[in-house]
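*Asks:* So here's run.cif, just mmCIF, C-alpha atoms, pLDDT in the B column; chains and numbers go by the auth columns:
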```cif
data_target
loop_
_atom_site.group_PDB
_atom_site.id
_atom_site.type_symbol
_atom_site.label_atom_id
_atom_site.label_comp_id
_atom_site.label_asym_id
_atom_site.label_seq_id
_atom_site.Cartn_x
_atom_site.Cartn_y
_atom_site.Cartn_z
_atom_site.B_iso_or_equiv
_atom_site.auth_seq_id
_atom_site.auth_asym_id
ATOM 1 C CA LYS A 1 75.542 86.476 94.146 44.00 416 A
ATOM 2 C CA GLU A 2 78.969 87.686 95.193 50.00 417 A
ATOM 3 C CA ASN A 3 79.387 90.265 97.892 51.00 418 A
ATOM 4 C CA ASN A 4 82.368 92.433 96.937 52.00 419 A
ATOM 5 C CA LYS A 5 82.565 94.148 100.303 67.00 420 A
ATOM 6 C CA LEU A 6 86.121 94.021 101.575 70.00 421 A
ATOM 7 C CA VAL A 7 86.951 92.290 104.837 76.00 422 A
ATOM 8 C CA HIS A 8 88.111 94.775 107.454 76.00 423 A
ATOM 9 C CA GLN A 9 91.495 94.629 109.116 79.00 424 A
ATOM 10 C CA ILE A 10 91.456 93.413 112.697 79.00 425 A
ATOM 11 C CA ASP A 11 90.602 96.247 115.072 79.00 426 A
ATOM 12 C CA GLN A 12 92.411 95.667 118.364 88.00 427 A
ATOM 13 C CA LYS A 13 90.096 98.142 120.097 91.00 428 A
ATOM 14 C CA VAL A 14 87.177 95.720 119.708 89.00 429 A
ATOM 15 C CA PHE A 15 89.149 93.010 121.514 91.00 430 A
ATOM 16 C CA LEU A 16 90.382 95.391 124.192 93.00 431 A
ATOM 17 C CA ASP A 17 86.765 96.445 124.802 94.00 432 A
ATOM 18 C CA PHE A 18 85.758 92.784 125.152 94.00 433 A
ATOM 19 C CA PHE A 19 88.558 92.086 127.627 95.00 434 A
ATOM 20 C CA LYS A 20 87.579 95.164 129.654 96.00 435 A
ATOM 21 C CA ARG A 21 84.017 93.793 129.854 95.00 436 A
ATOM 22 C CA THR A 22 85.367 90.504 131.252 96.00 437 A
ATOM 23 C CA ASP A 23 86.394 92.430 134.364 96.00 438 A
ATOM 24 C CA SER A 24 82.849 93.674 134.999 96.00 439 A
ATOM 25 C CA GLU A 25 80.830 92.393 137.947 97.00 440 A
ATOM 26 C CA SER A 26 78.067 91.089 135.662 96.00 441 A
ATOM 27 C CA PHE A 27 80.469 89.108 133.450 97.00 442 A
ATOM 28 C CA ILE A 28 82.286 87.623 136.441 96.00 443 A
ATOM 29 C CA LYS A 29 78.929 86.626 137.948 97.00 444 A
ATOM 30 C CA LEU A 30 77.930 84.828 134.716 97.00 445 A
ATOM 31 C CA ILE A 31 81.274 83.019 134.503 97.00 446 A
ATOM 32 C CA ASN A 32 80.969 81.868 138.109 97.00 447 A
ATOM 33 C CA GLU A 33 77.379 80.683 137.605 97.00 448 A
ATOM 34 C CA ALA A 34 78.405 78.758 134.490 98.00 449 A
ATOM 35 C CA ALA A 35 81.386 77.250 136.304 97.00 450 A
ATOM 36 C CA ASN A 36 79.054 76.099 139.101 96.00 451 A
ATOM 37 C CA MET A 37 76.669 74.489 136.609 97.00 452 A
ATOM 38 C CA ILE A 38 79.542 72.714 134.889 97.00 453 A
ATOM 39 C CA PHE A 39 81.144 71.678 138.182 95.00 454 A
ATOM 40 C CA ASP A 40 77.857 70.072 139.268 95.00 455 A
ATOM 41 C CA SER A 41 77.784 67.981 136.066 95.00 456 A
ATOM 42 C CA ASP A 42 79.380 64.630 135.372 94.00 457 A
ATOM 43 C CA LEU A 43 79.064 64.732 131.598 93.00 458 A
ATOM 44 C CA LEU A 44 79.290 67.629 129.165 96.00 459 A
ATOM 45 C CA PHE A 45 77.935 67.857 125.637 94.00 460 A
ATOM 46 C CA PHE A 46 79.276 70.613 123.379 97.00 461 A
ATOM 47 C CA THR A 47 77.603 71.601 120.136 96.00 462 A
ATOM 48 C CA GLY A 48 77.755 74.264 117.462 95.00 463 A
ATOM 49 C CA THR A 49 77.960 74.533 113.689 93.00 464 A
ATOM 50 C CA GLY A 50 80.516 76.182 111.429 91.00 465 A
ATOM 51 C CA SER A 51 83.335 77.906 113.301 93.00 466 A
ATOM 52 C CA SER A 52 81.316 77.473 116.506 95.00 467 A
ATOM 53 C CA GLY A 53 81.413 73.723 115.875 95.00 468 A
ATOM 54 C CA VAL A 54 85.197 73.831 115.642 96.00 469 A
ATOM 55 C CA LEU A 55 85.328 75.605 119.001 97.00 470 A
ATOM 56 C CA ALA A 56 82.789 73.154 120.449 97.00 471 A
ATOM 57 C CA GLU A 57 85.252 70.400 119.574 97.00 472 A
ATOM 58 C CA TYR A 58 88.049 72.376 121.237 97.00 473 A
ATOM 59 C CA GLY A 59 85.879 72.914 124.332 98.00 474 A
ATOM 60 C CA SER A 60 85.138 69.202 124.538 97.00 475 A
ATOM 61 C CA ILE A 61 88.838 68.316 124.379 97.00 476 A
ATOM 62 C CA LEU A 62 89.734 71.025 126.896 97.00 477 A
ATOM 63 C CA PHE A 63 87.116 69.999 129.484 97.00 478 A
ATOM 64 C CA SER A 64 87.862 66.291 128.979 95.00 479 A
ATOM 65 C CA SER A 65 91.493 67.070 129.744 95.00 480 A
ATOM 66 C CA LEU A 66 90.875 69.214 132.824 94.00 481 A
ATOM 67 C CA PHE A 67 87.562 68.187 134.372 93.00 482 A
ATOM 68 C CA THR A 68 85.278 65.425 133.126 91.00 483 A
ATOM 69 C CA PHE A 69 84.413 63.398 130.075 89.00 484 A
ATOM 70 C CA SER A 70 82.912 65.519 127.314 95.00 485 A
ATOM 71 C CA PHE A 71 81.338 64.845 123.937 92.00 486 A
ATOM 72 C CA VAL A 72 81.209 67.101 120.919 94.00 487 A
ATOM 73 C CA VAL A 73 78.102 66.863 118.759 91.00 488 A
ATOM 74 C CA LYS A 74 79.085 67.982 115.269 89.00 489 A
ATOM 75 C CA ASP A 75 75.758 67.212 113.631 86.00 490 A
ATOM 76 C CA PRO A 76 72.970 68.194 116.043 83.00 491 A
ATOM 77 C CA GLN A 77 70.271 67.438 113.479 81.00 492 A
ATOM 78 C CA ASN A 78 71.259 63.760 113.379 78.00 493 A
ATOM 79 C CA SER A 79 72.301 63.245 116.995 74.00 494 A
ATOM 80 C CA PRO A 80 69.204 62.193 118.903 68.00 495 A
ATOM 81 C CA VAL A 81 69.027 62.400 122.679 74.00 496 A
ATOM 82 C CA TYR A 82 65.669 60.665 123.007 71.00 497 A
ATOM 83 C CA PHE A 83 67.060 57.595 124.720 75.00 498 A
ATOM 84 C CA LEU A 84 69.030 59.200 127.525 78.00 499 A
ATOM 85 C CA PRO A 85 68.075 57.522 130.803 79.00 500 A
ATOM 86 C CA GLU A 86 66.219 59.945 133.093 83.00 501 A
ATOM 87 C CA TYR A 87 68.613 59.319 135.970 82.00 502 A
ATOM 88 C CA LEU A 88 71.357 61.027 133.933 85.00 503 A
ATOM 89 C CA ASP A 89 69.391 64.246 133.395 86.00 504 A
ATOM 90 C CA SER A 90 70.682 66.029 136.499 88.00 505 A
ATOM 91 C CA HIS A 91 74.271 64.986 135.681 92.00 506 A
ATOM 92 C CA ILE A 92 74.517 66.442 132.162 93.00 507 A
ATOM 93 C CA CYS A 93 75.223 69.954 130.927 96.00 508 A
ATOM 94 C CA LEU A 94 74.868 71.012 127.284 96.00 509 A
ATOM 95 C CA ILE A 95 77.180 73.836 126.221 98.00 510 A
ATOM 96 C CA VAL A 96 76.011 75.485 123.007 98.00 511 A
ATOM 97 C CA LEU A 97 78.268 77.749 120.953 97.00 512 A
ATOM 98 C CA SER A 98 76.623 79.970 118.351 96.00 513 A
ATOM 99 C CA VAL A 99 77.561 83.367 116.983 95.00 514 A
ATOM 100 C CA GLY A 100 74.141 84.257 115.584 93.00 515 A
ATOM 101 C CA GLY A 101 72.138 82.204 118.054 94.00 516 A
ATOM 102 C CA GLU A 102 69.429 81.424 115.505 93.00 517 A
ATOM 103 C CA ASN A 103 70.487 78.110 113.876 93.00 518 A
ATOM 104 C CA ALA A 104 67.341 75.980 113.481 92.00 519 A
ATOM 105 C CA ASP A 105 69.155 72.637 113.853 91.00 520 A
ATOM 106 C CA VAL A 106 70.840 73.753 117.062 93.00 521 A
ATOM 107 C CA ILE A 107 67.552 75.153 118.411 94.00 522 A
ATOM 108 C CA ASP A 108 65.854 71.806 117.729 91.00 523 A
ATOM 109 C CA TYR A 109 68.711 70.019 119.509 90.00 524 A
ATOM 110 C CA ILE A 110 68.414 72.302 122.536 93.00 525 A
ATOM 111 C CA ASN A 111 64.672 71.627 122.695 90.00 526 A
ATOM 112 C CA ARG A 112 65.337 67.884 122.757 87.00 527 A
ATOM 113 C CA PHE A 113 67.678 68.405 125.723 86.00 528 A
ATOM 114 C CA ARG A 114 65.159 70.692 127.420 87.00 529 A
ATOM 115 C CA SER A 115 62.618 67.867 127.389 83.00 530 A
ATOM 116 C CA HIS A 116 65.086 66.005 129.628 85.00 531 A
ATOM 117 C CA HIS A 117 65.526 69.023 131.962 86.00 532 A
ATOM 118 C CA ILE A 118 69.275 69.053 131.314 92.00 533 A
ATOM 119 C CA LYS A 119 71.251 72.204 132.192 96.00 534 A
ATOM 120 C CA ILE A 120 71.971 74.352 129.133 97.00 535 A
ATOM 121 C CA ILE A 121 74.660 77.006 128.869 98.00 536 A
ATOM 122 C CA SER A 122 75.001 79.007 125.671 98.00 537 A
ATOM 123 C CA ILE A 123 77.857 81.194 124.534 98.00 538 A
ATOM 124 C CA THR A 124 76.502 83.540 121.868 97.00 539 A
ATOM 125 C CA ASN A 125 77.265 86.905 120.379 95.00 540 A
ATOM 126 C CA SER A 126 73.958 88.341 121.601 94.00 541 A
ATOM 127 C CA SER A 127 71.942 87.739 124.755 95.00 542 A
ATOM 128 C CA ARG A 128 68.803 88.491 122.712 96.00 543 A
ATOM 129 C CA SER A 129 69.197 85.541 120.330 96.00 544 A
ATOM 130 C CA PHE A 130 66.734 82.659 120.381 97.00 545 A
ATOM 131 C CA ILE A 131 69.396 80.205 121.587 97.00 546 A
ATOM 132 C CA ALA A 132 70.324 82.561 124.425 97.00 547 A
ATOM 133 C CA GLN A 133 66.680 82.756 125.479 97.00 548 A
ATOM 134 C CA LEU A 134 66.308 78.939 125.449 96.00 549 A
ATOM 135 C CA SER A 135 69.314 78.474 127.712 97.00 550 A
ATOM 136 C CA ASP A 136 69.422 78.292 131.477 97.00 551 A
ATOM 137 C CA LEU A 137 72.429 80.597 131.326 98.00 552 A
ATOM 138 C CA ASN A 138 73.845 82.661 128.486 98.00 553 A
ATOM 139 C CA ILE A 139 77.242 84.281 128.202 98.00 554 A
ATOM 140 C CA ALA A 140 77.142 86.871 125.429 97.00 555 A
ATOM 141 C CA TYR A 141 80.337 88.398 124.092 96.00 556 A
ATOM 142 C CA HIS A 142 78.941 91.223 121.910 92.00 557 A
ATOM 143 C CA MET A 143 81.401 91.455 119.021 91.00 558 A
ATOM 144 C CA ASN A 144 80.698 93.207 115.741 86.00 559 A
ATOM 145 C CA LEU A 145 78.997 90.765 113.379 87.00 560 A
ATOM 146 C CA GLU A 146 81.149 90.263 110.284 86.00 561 A
ATOM 147 C CA MET A 147 80.006 88.570 107.103 86.00 562 A
ATOM 148 C CA TYR A 148 81.902 87.836 103.930 86.00 563 A
ATOM 149 C CA GLN A 149 79.632 86.727 101.127 87.00 564 A
ATOM 150 C CA ASP A 150 77.370 84.238 102.955 85.00 565 A
ATOM 151 C CA THR A 151 79.912 83.267 105.600 86.00 566 A
ATOM 152 C CA ASN A 152 79.909 84.525 109.156 87.00 567 A
ATOM 153 C CA ILE A 153 83.511 85.496 109.965 88.00 568 A
ATOM 154 C CA THR A 154 82.838 87.121 113.349 90.00 569 A
ATOM 155 C CA SER A 155 85.865 86.695 115.599 90.00 570 A
ATOM 156 C CA GLN A 156 85.868 83.654 117.857 94.00 571 A
ATOM 157 C CA ILE A 157 88.602 84.997 120.151 95.00 572 A
ATOM 158 C CA PRO A 158 86.047 85.851 122.896 97.00 573 A
ATOM 159 C CA VAL A 159 84.643 82.308 122.751 98.00 574 A
ATOM 160 C CA MET A 160 88.139 80.866 123.136 97.00 575 A
ATOM 161 C CA TYR A 161 88.721 83.127 126.142 98.00 576 A
ATOM 162 C CA ILE A 162 85.411 82.136 127.758 98.00 577 A
ATOM 163 C CA LEU A 163 86.062 78.398 127.265 98.00 578 A
ATOM 164 C CA GLU A 164 89.587 78.646 128.640 97.00 579 A
ATOM 165 C CA THR A 165 88.470 80.736 131.619 97.00 580 A
ATOM 166 C CA LEU A 166 85.631 78.347 132.457 98.00 581 A
ATOM 167 C CA SER A 167 87.759 75.219 132.101 97.00 582 A
ATOM 168 C CA ARG A 168 90.447 76.549 134.409 95.00 583 A
ATOM 169 C CA LEU A 169 87.950 77.829 136.956 95.00 584 A
ATOM 170 C CA VAL A 170 86.202 74.452 137.084 96.00 585 A
ATOM 171 C CA TYR A 171 89.574 72.696 137.266 94.00 586 A
ATOM 172 C CA TYR A 172 90.592 74.762 140.319 92.00 587 A
ATOM 173 C CA ARG A 173 87.242 74.144 141.982 90.00 588 A
ATOM 174 C CA LYS A 174 87.754 70.427 141.437 90.00 589 A
ATOM 175 C CA HIS A 175 91.160 70.692 143.113 87.00 590 A
ATOM 176 C CA GLN A 176 90.179 72.952 146.005 82.00 591 A
ATOM 177 C CA ASN A 177 93.350 72.230 147.918 56.00 592 A
ATOM 178 C CA MET A 178 95.205 74.229 145.266 57.00 593 A
ATOM 179 C CA ASP A 179 95.284 78.013 145.222 57.00 594 A
ATOM 180 C CA GLU A 180 92.279 79.095 143.190 56.00 595 A
ATOM 181 C CA PRO A 181 92.901 82.005 140.865 58.00 596 A
ATOM 182 C CA ALA A 182 90.891 85.090 141.688 54.00 597 A
ATOM 183 C CA LEU A 183 88.024 85.725 139.331 59.00 598 A
#
```
Could the structure of this file be written out as structure tokens, please?
*Replies:*
Amino acid sequence: KENNKLVHQIDQKVFLDFFKRTDSESFIKLINEAANMIFDSDLLFFTGTGSSGVLAEYGSILFSSLFTFSFVVKDPQNSPVYFLPEYLDSHICLIVLSVGGENADVIDYINRFRSHHIKIISITNSSRSFIAQLSDLNIAYHMNLEMYQDTNITSQIPVMYILETLSRLVYYRKHQNMDEPAL
């Protein structure tokens, strides 16, 4: 069944509103808490599906370049974590990217990590999503949900901003002798 609804032009106001929210006390607090969780980890796993999976790969490359070794899990359904040694549990952080926050495969993957008591950060469009609720910390970006036919085309610009902000904040914390940018 084809959806003939036209895709809207990009509305800069939506992005400006997002960037204004990044200056709020609550957003800054979440970013700092996430940066602390990441900083206290020695290994990062990134996961997501669809466009979120593409950004999970980007996040993995970015954090591997600036902070610590990171993995991207492109297929959470077929990437078991059952055999992780328990002594690694406190050293790992799972970063989940999901627009809708309701993907069953990703939820199952998170639950497998939760059985290991690994730190979980999610970056979702809504703080009310199931993935957000499963996470130890959620950063929600609240963009208008956009669908074209059966494809979610919600902007990923906020996710890119959040990943880049977190990676640089963690980098500066790692190199404390450098001037840390104010956040």
*Asks:* At a cut-off of 10 Å, using all atoms listed in the file, what residues contact A:Leu549? Leave out same-chain residues fewer than 2 positions from it and give the result as a PyMOL selection string.
*Replies:* chain A and resi 516+522+525-526+529+535-537+544-547+551-553
*Asks:* Specify as a list of chain:residue names each residue included when the PyMOL selection byres ((chain A and resi 484) around 12) is applied to this file.
*Replies:* A:Ile453, A:Ser456, A:Asp457, A:Leu458, A:Leu459, A:Phe460, A:Phe461, A:Gly474, A:Ser475, A:Ile476, A:Leu477, A:Phe478, A:Ser479, A:Ser480, A:Leu481, A:Phe482, A:Thr483, A:Ser485, A:Phe486, A:Val487, A:His506, A:Ile507, A:Cys508
*Asks:* Which polymer residues have any atom within 6 Å of an atom of stretch 569-581 of chain A, counting all atoms listed in the file, with same-chain residues fewer than 2 positions away left out, as a VMD selection string?
*Replies:* chain A and resid 450 560 to 561 567 583 to 584
*Asks:* Starting from the displayed file, determine the output of the PyMOL selection byres ((chain A and resi 556-559) around 6) and express the residue list as number ranges by chain.
*Replies:* A: 540-541, 555, 560
*Asks:* Residues of the last selection are to be written out with C-alpha atoms, as a PDB file, in the coordinates of the input.
*Replies:*
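Saved to again.pdb:
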```pdb
ATOM      1  CA  ASN A 540      77.265  86.905 120.379  1.00 95.00           C
ATOM      2  CA  SER A 541      73.958  88.341 121.601  1.00 94.00           C
ATOM      3  CA  ALA A 555      77.142  86.871 125.429  1.00 97.00           C
ATOM      4  CA  LEU A 560      78.997  90.765 113.379  1.00 87.00           C
TER       5      LEU A 560
END
```
*Asks:* Would you mind telling me which residue in A:Ile425, A:Leu445, A:Leu470, A:Gln548 lies nearest to A:Glu517 when using all atoms listed in the file?
*Replies:*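 Closest candidate: A:Gln548.
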*Asks:* Between atom CA of A:Thr539 and atom CA of A:Gly465, what is the distance, to one decimal in Å?
*Replies:*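 Between atom CA of A:Thr539 and atom CA of A:Gly465 the gap works out to 13.4 Å.
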*Asks:* Would you pick out the contacts of stretch 494-501 of chain A at 8 Å or less, using only C-alpha atoms, so that residues sharing its chain but fewer than 5 positions from it are not included, and give the list as a list in words?
*Replies:*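 Everything that qualifies: Val488, Tyr524, Arg527, Phe528 and His531 of chain A.
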*Asks:* Measuring between only C-alpha atoms, which one of A:Glu440, A:Asp432, A:Glu448, A:Asp426 shows the shortest distance to A:Ile554?
*Replies:*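 Among A:Glu440, A:Asp432, A:Glu448, A:Asp426, it is A:Glu448 that comes nearest to A:Ile554.
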*Asks:* When you count only C-alpha atoms, which of these residues is closest to A:Ser513: A:Asn451, A:Ser582, A:Gln427, A:Thr464?
*Replies:*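 Among the listed residues, A:Thr464 lies closest to A:Ser513.
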*Asks:* Hey, can you check how far atom CA of A:Ser439 sits from atom CA of A:Arg543?
*Replies:*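 Going from atom CA of A:Ser439 over to atom CA of A:Arg543, I get 19.4 Å.
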*Asks:* Identify all residues satisfying the PyMOL selection byres ((chain A and resi 422) around 9) in the given file; provide them as a list of chain:residue names.
*Replies:* A:Lys420, A:Leu421, A:His423, A:Gln424, A:Glu561, A:Met562, A:Tyr563
*Asks:* Using the file's own x, y and z axes, so that the box edges lie along x, y and z, what centre and edge lengths in Å (one decimal) does a box around every listed atom of stretch 531-535 of chain A get when 5 Å is added on each side? Give it as AutoDock Vina command-line options.
*Replies:*
```
--center_x 68.5 --center_y 70.2 --center_z 130.7 --size_x 16.9 --size_y 18.3 --size_z 13.1
```
*Asks:* Between atom CA of A:Gln564 and atom CA of A:Ile510, measure the distance and give it in Å to one decimal.
*Replies:*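 Answer for the atom CA of A:Gln564 to atom CA of A:Ile510 separation: 28.3 Å.
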*Asks:* Between A:Leu512, A:Arg436, A:Phe430, A:Ser505, which residue has the minimum interatomic distance to A:Val469, considering only C-alpha atoms?
*Replies:* A:Leu512
*Asks:* Can you work out which one of A:Lys435, A:His590, A:Lys489, A:Ala449 has the shortest atom-to-atom distance to A:Ser467, counting all atoms listed in the file?
*Replies:*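 Nearest candidate to A:Ser467 out of A:Lys435, A:His590, A:Lys489, A:Ala449: A:Lys489.
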*Asks:* Save all heavy atoms of stretch 480-491 of chain A from the block above as an mmCIF file, in the first residue's frame.
*Replies:*
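Below is the file part21.cif, written as the result:
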```
data_model
loop_
_atom_site.group_PDB
_atom_site.id
_atom_site.type_symbol
_atom_site.label_atom_id
_atom_site.label_comp_id
_atom_site.auth_asym_id
_atom_site.auth_seq_id
_atom_site.Cartn_x
_atom_site.Cartn_y
_atom_site.Cartn_z
ATOM 1 N N SER A 480 37.988 6.716 18.186
ATOM 2 C CA SER A 480 39.012 7.689 17.810
ATOM 3 C C SER A 480 39.390 8.607 18.964
ATOM 4 O O SER A 480 40.544 8.999 19.099
ATOM 5 C CB SER A 480 38.526 8.551 16.642
ATOM 6 O OG SER A 480 38.273 7.755 15.518
ATOM 7 N N LEU A 481 38.430 8.968 19.801
ATOM 8 C CA LEU A 481 38.674 9.978 20.828
ATOM 9 C C LEU A 481 38.804 9.451 22.250
ATOM 10 O O LEU A 481 39.348 10.135 23.119
ATOM 11 C CB LEU A 481 37.536 11.016 20.820
ATOM 12 C CG LEU A 481 37.420 11.879 19.582
ATOM 13 C CD1 LEU A 481 36.198 12.787 19.677
ATOM 14 C CD2 LEU A 481 38.685 12.696 19.367
ATOM 15 N N PHE A 482 38.290 8.243 22.526
ATOM 16 C CA PHE A 482 38.247 7.835 23.934
ATOM 17 C C PHE A 482 38.705 6.403 24.175
ATOM 18 O O PHE A 482 39.735 6.164 24.768
ATOM 19 C CB PHE A 482 36.839 8.056 24.489
ATOM 20 C CG PHE A 482 36.658 7.571 25.892
ATOM 21 C CD1 PHE A 482 37.382 8.131 26.930
ATOM 22 C CD2 PHE A 482 35.764 6.561 26.184
ATOM 23 C CE1 PHE A 482 37.238 7.675 28.237
ATOM 24 C CE2 PHE A 482 35.600 6.102 27.479
ATOM 25 C CZ PHE A 482 36.344 6.665 28.506
ATOM 26 N N THR A 483 37.929 5.433 23.757
ATOM 27 C CA THR A 483 38.247 4.042 24.045
ATOM 28 C C THR A 483 37.683 3.148 22.955
ATOM 29 O O THR A 483 36.855 3.571 22.161
ATOM 30 C CB THR A 483 37.690 3.611 25.422
ATOM 31 O OG1 THR A 483 38.251 2.350 25.788
ATOM 32 C CG2 THR A 483 36.174 3.507 25.426
ATOM 33 N N PHE A 484 38.121 1.921 22.947
ATOM 34 C CA PHE A 484 37.687 0.981 21.928
ATOM 35 C C PHE A 484 36.176 0.770 21.994
ATOM 36 O O PHE A 484 35.616 0.586 23.062
ATOM 37 C CB PHE A 484 38.416 -0.356 22.100
ATOM 38 C CG PHE A 484 38.198 -1.293 20.972
ATOM 39 C CD1 PHE A 484 38.699 -1.012 19.714
ATOM 40 C CD2 PHE A 484 37.472 -2.456 21.147
ATOM 41 C CE1 PHE A 484 38.497 -1.873 18.654
ATOM 42 C CE2 PHE A 484 37.275 -3.320 20.101
ATOM 43 C CZ PHE A 484 37.781 -3.028 18.844
ATOM 44 N N SER A 485 35.543 0.820 20.842
ATOM 45 C CA SER A 485 34.096 0.680 20.751
ATOM 46 C C SER A 485 33.736 -0.316 19.664
ATOM 47 O O SER A 485 34.432 -0.419 18.661
ATOM 48 C CB SER A 485 33.451 2.031 20.394
ATOM 49 O OG SER A 485 33.795 3.010 21.321
ATOM 50 N N PHE A 486 32.629 -1.001 19.877
ATOM 51 C CA PHE A 486 32.066 -1.922 18.895
ATOM 52 C C PHE A 486 30.732 -1.387 18.417
ATOM 53 O O PHE A 486 29.995 -0.785 19.194
ATOM 54 C CB PHE A 486 31.754 -3.297 19.515
ATOM 55 C CG PHE A 486 32.936 -4.142 19.811
ATOM 56 C CD1 PHE A 486 33.389 -4.273 21.116
ATOM 57 C CD2 PHE A 486 33.579 -4.830 18.805
ATOM 58 C CE1 PHE A 486 34.466 -5.079 21.412
ATOM 59 C CE2 PHE A 486 34.658 -5.638 19.081
ATOM 60 C CZ PHE A 486 35.106 -5.760 20.395
ATOM 61 N N VAL A 487 30.393 -1.651 17.177
ATOM 62 C CA VAL A 487 29.031 -1.413 16.718
ATOM 63 C C VAL A 487 28.398 -2.783 16.508
ATOM 64 O O VAL A 487 29.027 -3.695 15.963
ATOM 65 C CB VAL A 487 28.966 -0.559 15.433
ATOM 66 C CG1 VAL A 487 29.619 -1.248 14.256
ATOM 67 C CG2 VAL A 487 27.525 -0.208 15.106
ATOM 68 N N VAL A 488 27.175 -2.932 16.966
ATOM 69 C CA VAL A 488 26.424 -4.164 16.777
ATOM 70 C C VAL A 488 25.321 -3.845 15.783
ATOM 71 O O VAL A 488 24.351 -3.178 16.120
ATOM 72 C CB VAL A 488 25.852 -4.686 18.116
ATOM 73 C CG1 VAL A 488 25.016 -5.926 17.889
ATOM 74 C CG2 VAL A 488 26.979 -4.940 19.098
ATOM 75 N N LYS A 489 25.509 -4.311 14.543
ATOM 76 C CA LYS A 489 24.559 -4.001 13.477
ATOM 77 C C LYS A 489 23.349 -4.924 13.488
ATOM 78 O O LYS A 489 22.299 -4.571 12.976
ATOM 79 C CB LYS A 489 25.256 -4.085 12.119
ATOM 80 C CG LYS A 489 26.288 -3.016 11.917
ATOM 81 C CD LYS A 489 26.888 -3.124 10.538
ATOM 82 C CE LYS A 489 27.932 -2.062 10.320
ATOM 83 N NZ LYS A 489 28.462 -2.078 8.974
ATOM 84 N N ASP A 490 23.511 -6.103 14.036
ATOM 85 C CA ASP A 490 22.436 -7.087 14.042
ATOM 86 C C ASP A 490 22.218 -7.571 15.471
ATOM 87 O O ASP A 490 22.713 -8.629 15.864
ATOM 88 C CB ASP A 490 22.799 -8.253 13.113
ATOM 89 C CG ASP A 490 21.694 -9.275 12.983
ATOM 90 O OD1 ASP A 490 20.575 -9.032 13.490
ATOM 91 O OD2 ASP A 490 21.943 -10.327 12.378
ATOM 92 N N PRO A 491 21.505 -6.784 16.287
ATOM 93 C CA PRO A 491 21.352 -7.150 17.699
ATOM 94 C C PRO A 491 20.673 -8.499 17.920
ATOM 95 O O PRO A 491 20.946 -9.170 18.907
ATOM 96 C CB PRO A 491 20.524 -6.006 18.288
ATOM 97 C CG PRO A 491 19.969 -5.255 17.155
ATOM 98 C CD PRO A 491 20.810 -5.555 15.955
#
```
